[in-house]
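Structure record follows, encoded as structure tokens.
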Amino acid sequence: MKFDSVSLSCPICNEKLEKENKTLHCSNGHSFDLAKEGYVNLLLSNQKKSKNPGDNKLMSASRREFLNSGAYFPLVERIAQLINEKYKDNVSPLAVVDAGCGEGYYMDSINKLVKNTTNFIGFDMSRDAIKLAAKKYKEIDFFVASINNVPLLSSSTDCIISIFSPINEKEFARILNDNGILITVTPNKQHLSGLANIIYDKAKEHDSKIGNLEGENFDLEKNDILTFTLNLDNNTDIMNLFRMTPYYYSSSKEKSEKVNELTTLETTIDFEINIFRKK
């Protein structure tokens with residue numbers, strides 16, 4: 001699509017961005033060029049907390065390789081099912097945004113299963129991740145941005161998906177239309193417990209996030225739990241899983257070496273999926 005039907009706004013002045021050739025520009029003369037990979041960088045320098053925010057190349061590449069193995073495909077199916085159920089009577093094209101889309105696997109996979117005509121958009125603050133996404137998934141528009149300053153027009157979005165990503169309630173509520181929903185995926189209590197038990201002497205359960213967004217902007221519409229056992233039978237998949245989690249960066253050298261020696265791993269996959277409705 002390459003931004004022909006996306007309601008992007010200028011990150012400088014908030015005016016609508018229009019596409020002309022390989023440039024996006026607003027009525028105030030601000031312009032942003034499409035990169036050769038097909039994405040656009042709308043993250044301003046003063047919106048960064050570091051030089052290269054978000055996931056690095058190693059984490060992004062590991063996530064792509066692991067997710068492409070199909071290990072988390074049950075999550076893709078469940079999210080697509082929820083969207084299809086929610087919009088089964090919808091006749092107009094949907095605008096679905098993946099906030100914190102990473103390297104794009106979820107957006108592309110869900111796109112293939114959603115029945116409605118849908119405009120899928122993904123953004124992430126990691127330029128490395130967005131480069132990977134835009135190079136591979138040409139049917140989806142990707143841009144670099146922060147959840148704290150989402151360059152989308154107000155009320156322009158039907159559905160936001162946030163998978164293991166931070167949330168900005170105020171911004172998400174702003175870009176959602178009056179009937180919009182937010183689908184969040186967070187780790188449930190036993191998520192990756194098999195891996196955690198190898199890394200930590202006393203692994204703690206994850207805290208449930210249910211209802212955390214209930215308040216000024218959202219009401220909880222549905223809570224769903226998806227749990228299954230994952231059996232990995234090679235070190236490549238195990239290390240890719242390890243490197244795409246925060247565990248990799250918080251583990252001691254000794255524990256990391258222990259994971260690196262594994263050739264099999266059985267672990268619980270435990271997702272909490274919440275649907276929030278905009279008030």
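In the structure tokens, chains take the letters A, B, ... in the order shown, each chain's residues start at 1, and ligands count up from 1 in the order shown.
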
Please report as a tab-separated table every residue of region 47-129 of chain A lying within 7 Å of region 147-159 of chain A, along with the nearest atom pair and their distance in Å (one decimal), using only C-alpha atoms.
residue	atom	partner	partner_atom	distance
A:Leu94	CA	A:Asp158	CA	6.1
A:Ala95	CA	A:Thr157	CA	5.2
A:Val96	CA	A:Cys159	CA	4.8
A:Val97	CA	A:Cys159	CA	6.3

query = So which residues touch region 164-171 of chain A within 9 Å, counting only C-alpha atoms, skipping near sequence neighbours fewer than 3 positions away, as a VMD selection string?
reply = chain A and resid 99 to 101 147 to 150 154 174 to 176 184 to 187 213 216 to 218

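Comparing the minimum interatomic distances between Cys26 (chain A) and each of A:Leu43, A:Ile238, A:Ile163, A:Leu8, counting only C-alpha atoms, we find that A:Leu8 sits nearest.
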
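Contact shell of Asp141 (chain A) at 7 Å (only C-alpha atoms; same-chain neighbours under 3 positions omitted): Met1, Lys2, Phe3, Tyr39, Phe120, Ile121 and Gly122 of chain A.
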
query = DSSP on the backbone: what in region 54-252 of chain A comes out strand (DSSP E), as a count of residues only?
reply = 51

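What separates CA of Thr236 (chain A) from CA of Thr267 (chain A) is a distance of 15.6 Å.
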
message = What's the separation between CA of Leu24 (chain A) and CA of Asn116 (chain A), in Å to one decimal place?
response =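 According to the coordinates, CA of Leu24 (chain A) and CA of Asn116 (chain A) are separated by 27.4 Å.
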
Using only C-alpha atoms, which residues of region 191-249 of chain A come within 12 Å of region 76-90 of chain A, and what is the closest atom pair for each, with the distance in Å to one decimal? Give it as JSON lines, sorted by chain and residue number.
{"residue": "A:Glu221", "atom": "CA", "partner": "A:Lys86", "partner_atom": "CA", "distance": 10.8}
{"residue": "A:Lys222", "atom": "CA", "partner": "A:Leu82", "partner_atom": "CA", "distance": 9.8}
{"residue": "A:Asn223", "atom": "CA", "partner": "A:Leu82", "partner_atom": "CA", "distance": 11.0}
{"residue": "A:Asp224", "atom": "CA", "partner": "A:Arg78", "partner_atom": "CA", "distance": 9.4}
{"residue": "A:Ile225", "atom": "CA", "partner": "A:Arg78", "partner_atom": "CA", "distance": 9.9}
{"residue": "A:Leu226", "atom": "CA", "partner": "A:Arg78", "partner_atom": "CA", "distance": 8.1}
{"residue": "A:Thr227", "atom": "CA", "partner": "A:Arg78", "partner_atom": "CA", "distance": 11.3}

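Residues surrounding Ala35 (chain A) within 10 Å are A:Lys22, A:Thr23, A:Phe32, A:Asp33, A:Glu37, A:Gly38, A:Tyr39, A:Val40, A:Asn41, A:Lys131, A:Ala134, A:Phe143 [only C-alpha atoms; sequence separation below 2 positions excluded].
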
For the selection you just gave me, I'd like the residues written to a file as an mmCIF file, in the first residue's frame, keeping N, CA and C atoms.
data_model
loop_
_atom_site.group_PDB
_atom_site.id
_atom_site.type_symbol
_atom_site.label_atom_id
_atom_site.label_comp_id
_atom_site.auth_asym_id
_atom_site.auth_seq_id
_atom_site.Cartn_x
_atom_site.Cartn_y
_atom_site.Cartn_z
ATOM 1 N N LYS A 22 7.692 9.678 -3.389
ATOM 2 C CA LYS A 22 8.258 8.928 -2.273
ATOM 3 C C LYS A 22 8.445 9.815 -1.044
ATOM 4 N N THR A 23 7.570 10.814 -0.935
ATOM 5 C CA THR A 23 7.653 11.752 0.180
ATOM 6 C C THR A 23 6.280 11.958 0.799
ATOM 7 N N PHE A 32 8.739 14.145 4.918
ATOM 8 C CA PHE A 32 9.420 12.949 5.403
ATOM 9 C C PHE A 32 9.540 11.972 4.252
ATOM 10 N N ASP A 33 10.765 11.568 3.942
ATOM 11 C CA ASP A 33 11.009 10.689 2.805
ATOM 12 C C ASP A 33 10.842 9.221 3.189
ATOM 13 N N GLU A 37 13.630 0.795 2.022
ATOM 14 C CA GLU A 37 12.907 -0.416 2.434
ATOM 15 C C GLU A 37 11.397 -0.211 2.383
ATOM 16 N N GLY A 38 10.938 1.049 2.317
ATOM 17 C CA GLY A 38 9.509 1.313 2.197
ATOM 18 C C GLY A 38 8.841 1.869 3.427
ATOM 19 N N TYR A 39 9.578 2.067 4.517
ATOM 20 C CA TYR A 39 8.988 2.631 5.724
ATOM 21 C C TYR A 39 9.277 4.132 5.781
ATOM 22 N N VAL A 40 8.667 4.818 6.736
ATOM 23 C CA VAL A 40 8.965 6.230 6.950
ATOM 24 C C VAL A 40 9.272 6.450 8.425
ATOM 25 N N ASN A 41 10.277 7.247 8.695
ATOM 26 C CA ASN A 41 10.680 7.543 10.071
ATOM 27 C C ASN A 41 9.984 8.812 10.539
ATOM 28 N N LYS A 131 12.844 -1.692 9.842
ATOM 29 C CA LYS A 131 13.539 -2.016 8.588
ATOM 30 C C LYS A 131 13.271 -3.459 8.175
ATOM 31 N N ALA A 134 9.481 -3.765 7.040
ATOM 32 C CA ALA A 134 9.142 -3.149 5.753
ATOM 33 C C ALA A 134 9.765 -3.885 4.568
ATOM 34 N N PHE A 143 5.928 2.400 10.050
ATOM 35 C CA PHE A 143 6.636 3.646 10.307
ATOM 36 C C PHE A 143 7.259 3.615 11.697
#

task = Can you check which residues of region 96-209 of chain A DSSP gives as alpha helix (DSSP H) on the backbone and send them as a VMD selection string?
result = chain A and resid 105 to 111 127 to 136 169 to 175 193 to 199

message = Between CA of Ala133 (chain A) and CA of Gly102 (chain A), what distance in Å does the model show, to one decimal?
response =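 If I compute the distance from CA of Ala133 (chain A) to CA of Gly102 (chain A), I get 7.4 Å.
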
9 Å contact set for Ser62 (chain A), only C-alpha atoms, chain neighbours under 3 positions out, as a PDB file with all heavy atoms, in the first residue's frame:
ATOM      1  N   LYS A  57      19.285  -5.015  16.871  1.00  0.00           N
ATOM      2  CA  LYS A  57      19.296  -5.927  15.719  1.00  0.00           C
ATOM      3  C   LYS A  57      19.229  -7.383  16.148  1.00  0.00           C
ATOM      4  O   LYS A  57      18.525  -8.192  15.529  1.00  0.00           O
ATOM      5  CB  LYS A  57      20.541  -5.679  14.871  1.00  0.00           C
ATOM      6  CG  LYS A  57      20.535  -4.375  14.108  1.00  0.00           C
ATOM      7  CD  LYS A  57      21.789  -4.238  13.243  1.00  0.00           C
ATOM      8  CE  LYS A  57      21.771  -2.935  12.465  1.00  0.00           C
ATOM      9  NZ  LYS A  57      22.981  -2.790  11.623  1.00  0.00           N
ATOM     10  N   LEU A  58      19.966  -7.729  17.203  1.00  0.00           N
ATOM     11  CA  LEU A  58      19.990  -9.122  17.658  1.00  0.00           C
ATOM     12  C   LEU A  58      18.617  -9.561  18.148  1.00  0.00           C
ATOM     13  O   LEU A  58      18.134 -10.631  17.781  1.00  0.00           O
ATOM     14  CB  LEU A  58      21.021  -9.278  18.784  1.00  0.00           C
ATOM     15  CG  LEU A  58      21.094 -10.674  19.422  1.00  0.00           C
ATOM     16  CD1 LEU A  58      21.507 -11.714  18.392  1.00  0.00           C
ATOM     17  CD2 LEU A  58      22.071 -10.666  20.602  1.00  0.00           C
ATOM     18  N   MET A  59      17.971  -8.748  18.967  1.00  0.00           N
ATOM     19  CA  MET A  59      16.662  -9.104  19.483  1.00  0.00           C
ATOM     20  C   MET A  59      15.632  -9.188  18.358  1.00  0.00           C
ATOM     21  O   MET A  59      14.812 -10.118  18.325  1.00  0.00           O
ATOM     22  CB  MET A  59      16.211  -8.088  20.537  1.00  0.00           C
ATOM     23  CG  MET A  59      14.881  -8.416  21.192  1.00  0.00           C
ATOM     24  SD  MET A  59      14.417  -7.277  22.524  1.00  0.00           S
ATOM     25  CE  MET A  59      15.409  -7.915  23.867  1.00  0.00           C
ATOM     26  N   GLU A  65      13.188 -14.998  13.608  1.00  0.00           N
ATOM     27  CA  GLU A  65      13.478 -16.404  13.344  1.00  0.00           C
ATOM     28  C   GLU A  65      12.621 -17.312  14.213  1.00  0.00           C
ATOM     29  O   GLU A  65      12.094 -18.329  13.749  1.00  0.00           O
ATOM     30  CB  GLU A  65      14.967 -16.689  13.582  1.00  0.00           C
ATOM     31  CG  GLU A  65      15.406 -18.053  13.070  1.00  0.00           C
ATOM     32  CD  GLU A  65      16.912 -18.233  13.072  1.00  0.00           C
ATOM     33  OE1 GLU A  65      17.638 -17.232  13.232  1.00  0.00           O
ATOM     34  OE2 GLU A  65      17.366 -19.384  12.915  1.00  0.00           O
ATOM     35  N   PHE A  66      12.453 -16.943  15.484  1.00  0.00           N
ATOM     36  CA  PHE A  66      11.653 -17.777  16.377  1.00  0.00           C
ATOM     37  C   PHE A  66      10.187 -17.764  15.979  1.00  0.00           C
ATOM     38  O   PHE A  66       9.545 -18.807  15.874  1.00  0.00           O
ATOM     39  CB  PHE A  66      11.801 -17.291  17.818  1.00  0.00           C
ATOM     40  CG  PHE A  66      10.956 -18.069  18.790  1.00  0.00           C
ATOM     41  CD1 PHE A  66      11.360 -19.312  19.229  1.00  0.00           C
ATOM     42  CD2 PHE A  66       9.742 -17.562  19.246  1.00  0.00           C
ATOM     43  CE1 PHE A  66      10.571 -20.050  20.115  1.00  0.00           C
ATOM     44  CE2 PHE A  66       8.957 -18.281  20.124  1.00  0.00           C
ATOM     45  CZ  PHE A  66       9.373 -19.532  20.558  1.00  0.00           C
ATOM     46  N   LEU A  67       9.617 -16.585  15.746  1.00  0.00           N
ATOM     47  CA  LEU A  67       8.199 -16.487  15.412  1.00  0.00           C
ATOM     48  C   LEU A  67       7.898 -17.149  14.068  1.00  0.00           C
ATOM     49  O   LEU A  67       6.835 -17.764  13.896  1.00  0.00           O
ATOM     50  CB  LEU A  67       7.755 -15.029  15.400  1.00  0.00           C
ATOM     51  CG  LEU A  67       7.766 -14.331  16.761  1.00  0.00           C
ATOM     52  CD1 LEU A  67       7.401 -12.857  16.605  1.00  0.00           C
ATOM     53  CD2 LEU A  67       6.815 -15.012  17.734  1.00  0.00           C
ATOM     54  N   ASP A 237      16.324 -22.738  18.193  1.00  0.00           N
ATOM     55  CA  ASP A 237      15.033 -22.184  18.626  1.00  0.00           C
ATOM     56  C   ASP A 237      15.086 -21.725  20.083  1.00  0.00           C
ATOM     57  O   ASP A 237      14.506 -20.694  20.444  1.00  0.00           O
ATOM     58  CB  ASP A 237      13.922 -23.226  18.459  1.00  0.00           C
ATOM     59  CG  ASP A 237      13.509 -23.400  17.015  1.00  0.00           C
ATOM     60  OD1 ASP A 237      13.856 -22.537  16.178  1.00  0.00           O
ATOM     61  OD2 ASP A 237      12.833 -24.404  16.709  1.00  0.00           O
ATOM     62  N   MET A 239      17.687 -20.636  21.790  1.00  0.00           N
ATOM     63  CA  MET A 239      18.458 -19.397  21.919  1.00  0.00           C
ATOM     64  C   MET A 239      17.718 -18.212  21.303  1.00  0.00           C
ATOM     65  O   MET A 239      17.801 -17.088  21.813  1.00  0.00           O
ATOM     66  CB  MET A 239      19.830 -19.560  21.276  1.00  0.00           C
ATOM     67  CG  MET A 239      20.765 -20.457  22.076  1.00  0.00           C
ATOM     68  SD  MET A 239      20.979 -19.918  23.809  1.00  0.00           S
ATOM     69  CE  MET A 239      21.754 -18.312  23.578  1.00  0.00           C
ATOM     70  N   ASN A 240      16.991 -18.439  20.228  1.00  0.00           N
ATOM     71  CA  ASN A 240      16.199 -17.348  19.648  1.00  0.00           C
ATOM     72  C   ASN A 240      15.112 -16.896  20.616  1.00  0.00           C
ATOM     73  O   ASN A 240      14.865 -15.701  20.780  1.00  0.00           O
ATOM     74  CB  ASN A 240      15.578 -17.784  18.323  1.00  0.00           C
ATOM     75  CG  ASN A 240      16.565 -17.745  17.174  1.00  0.00           C
ATOM     76  OD1 ASN A 240      17.484 -16.931  17.164  1.00  0.00           O
ATOM     77  ND2 ASN A 240      16.378 -18.624  16.203  1.00  0.00           N
ATOM     78  N   LEU A 241      14.463 -17.856  21.263  1.00  0.00           N
ATOM     79  CA  LEU A 241      13.464 -17.524  22.273  1.00  0.00           C
ATOM     80  C   LEU A 241      14.114 -16.754  23.426  1.00  0.00           C
ATOM     81  O   LEU A 241      13.589 -15.723  23.877  1.00  0.00           O
ATOM     82  CB  LEU A 241      12.807 -18.801  22.799  1.00  0.00           C
ATOM     83  CG  LEU A 241      11.848 -18.627  23.991  1.00  0.00           C
ATOM     84  CD1 LEU A 241      10.668 -17.742  23.616  1.00  0.00           C
ATOM     85  CD2 LEU A 241      11.364 -19.996  24.478  1.00  0.00           C
ATOM     86  N   PHE A 242      15.243 -17.233  23.880  1.00  0.00           N
ATOM     87  CA  PHE A 242      15.961 -16.605  24.994  1.00  0.00           C
ATOM     88  C   PHE A 242      16.347 -15.163  24.649  1.00  0.00           C
ATOM     89  O   PHE A 242      16.118 -14.230  25.423  1.00  0.00           O
ATOM     90  CB  PHE A 242      17.203 -17.443  25.305  1.00  0.00           C
ATOM     91  CG  PHE A 242      18.010 -16.985  26.487  1.00  0.00           C
ATOM     92  CD1 PHE A 242      17.405 -16.466  27.623  1.00  0.00           C
ATOM     93  CD2 PHE A 242      19.396 -17.094  26.463  1.00  0.00           C
ATOM     94  CE1 PHE A 242      18.161 -16.055  28.712  1.00  0.00           C
ATOM     95  CE2 PHE A 242      20.156 -16.684  27.553  1.00  0.00           C
ATOM     96  CZ  PHE A 242      19.534 -16.160  28.673  1.00  0.00           C
ATOM     97  N   ARG A 243      16.898 -14.972  23.442  1.00  0.00           N
ATOM     98  CA  ARG A 243      17.401 -13.649  23.056  1.00  0.00           C
ATOM     99  C   ARG A 243      16.298 -12.638  22.783  1.00  0.00           C
ATOM    100  O   ARG A 243      16.551 -11.428  22.807  1.00  0.00           O
ATOM    101  CB  ARG A 243      18.306 -13.772  21.827  1.00  0.00           C
ATOM    102  CG  ARG A 243      19.679 -14.342  22.121  1.00  0.00           C
ATOM    103  CD  ARG A 243      20.594 -14.183  20.934  1.00  0.00           C
ATOM    104  NE  ARG A 243      20.203 -15.036  19.837  1.00  0.00           N
ATOM    105  CZ  ARG A 243      20.821 -16.170  19.510  1.00  0.00           C
ATOM    106  NH1 ARG A 243      21.867 -16.582  20.246  1.00  0.00           N
ATOM    107  NH2 ARG A 243      20.424 -16.895  18.492  1.00  0.00           N
ATOM    108  N   MET A 244      15.073 -13.101  22.535  1.00  0.00           N
ATOM    109  CA  MET A 244      13.998 -12.146  22.269  1.00  0.00           C
ATOM    110  C   MET A 244      13.248 -11.756  23.541  1.00  0.00           C
ATOM    111  O   MET A 244      12.287 -10.997  23.488  1.00  0.00           O
ATOM    112  CB  MET A 244      13.022 -12.711  21.231  1.00  0.00           C
ATOM    113  CG  MET A 244      12.128 -13.820  21.721  1.00  0.00           C
ATOM    114  SD  MET A 244      11.030 -14.401  20.410  1.00  0.00           S
ATOM    115  CE  MET A 244       9.443 -14.295  21.228  1.00  0.00           C
TER     116      MET A 244
END

query = Skipping near chain neighbours, those fewer than 4 positions away, what residues fall within 8 Å of Pro93 (chain A) using only C-alpha atoms, listed as JSON, numbers by chain?
reply = {"A": [116, 117, 118, 119]}

Any chance you can output those residues with all heavy atoms as a PDB file, in the first residue's frame?
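out_24.pdb, freshly written:
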ATOM      1  N   ASN A 116     -12.344  -9.363   7.044  1.00  0.00           N
ATOM      2  CA  ASN A 116     -12.735  -8.057   6.510  1.00  0.00           C
ATOM      3  C   ASN A 116     -11.617  -7.443   5.676  1.00  0.00           C
ATOM      4  O   ASN A 116     -10.438  -7.735   5.878  1.00  0.00           O
ATOM      5  CB  ASN A 116     -13.065  -7.084   7.652  1.00  0.00           C
ATOM      6  CG  ASN A 116     -14.216  -7.569   8.506  1.00  0.00           C
ATOM      7  OD1 ASN A 116     -14.040  -8.447   9.339  1.00  0.00           O
ATOM      8  ND2 ASN A 116     -15.385  -7.008   8.308  1.00  0.00           N
ATOM      9  N   THR A 117     -11.998  -6.593   4.735  1.00  0.00           N
ATOM     10  CA  THR A 117     -11.012  -5.787   4.037  1.00  0.00           C
ATOM     11  C   THR A 117     -10.397  -4.836   5.054  1.00  0.00           C
ATOM     12  O   THR A 117     -11.093  -4.065   5.705  1.00  0.00           O
ATOM     13  CB  THR A 117     -11.667  -4.974   2.909  1.00  0.00           C
ATOM     14  OG1 THR A 117     -12.297  -5.878   2.008  1.00  0.00           O
ATOM     15  CG2 THR A 117     -10.629  -4.149   2.167  1.00  0.00           C
ATOM     16  N   THR A 118      -9.101  -4.907   5.191  1.00  0.00           N
ATOM     17  CA  THR A 118      -8.467  -4.217   6.307  1.00  0.00           C
ATOM     18  C   THR A 118      -7.190  -3.512   5.881  1.00  0.00           C
ATOM     19  O   THR A 118      -6.408  -4.044   5.098  1.00  0.00           O
ATOM     20  CB  THR A 118      -8.130  -5.227   7.433  1.00  0.00           C
ATOM     21  OG1 THR A 118      -9.316  -5.919   7.814  1.00  0.00           O
ATOM     22  CG2 THR A 118      -7.546  -4.513   8.644  1.00  0.00           C
ATOM     23  N   ASN A 119      -6.996  -2.314   6.391  1.00  0.00           N
ATOM     24  CA  ASN A 119      -5.740  -1.593   6.232  1.00  0.00           C
ATOM     25  C   ASN A 119      -4.912  -1.818   7.485  1.00  0.00           C
ATOM     26  O   ASN A 119      -5.261  -1.322   8.560  1.00  0.00           O
ATOM     27  CB  ASN A 119      -5.994  -0.099   6.027  1.00  0.00           C
ATOM     28  CG  ASN A 119      -6.764   0.194   4.759  1.00  0.00           C
ATOM     29  OD1 ASN A 119      -6.563  -0.449   3.735  1.00  0.00           O
ATOM     30  ND2 ASN A 119      -7.654   1.163   4.814  1.00  0.00           N
TER      31      ASN A 119
END

task = May I ask which of the residues A:Tyr248, A:Phe271, A:Phe228, A:Phe276 is the closest one to Asn212 (chain A), counting only C-alpha atoms?
result = A:Phe276
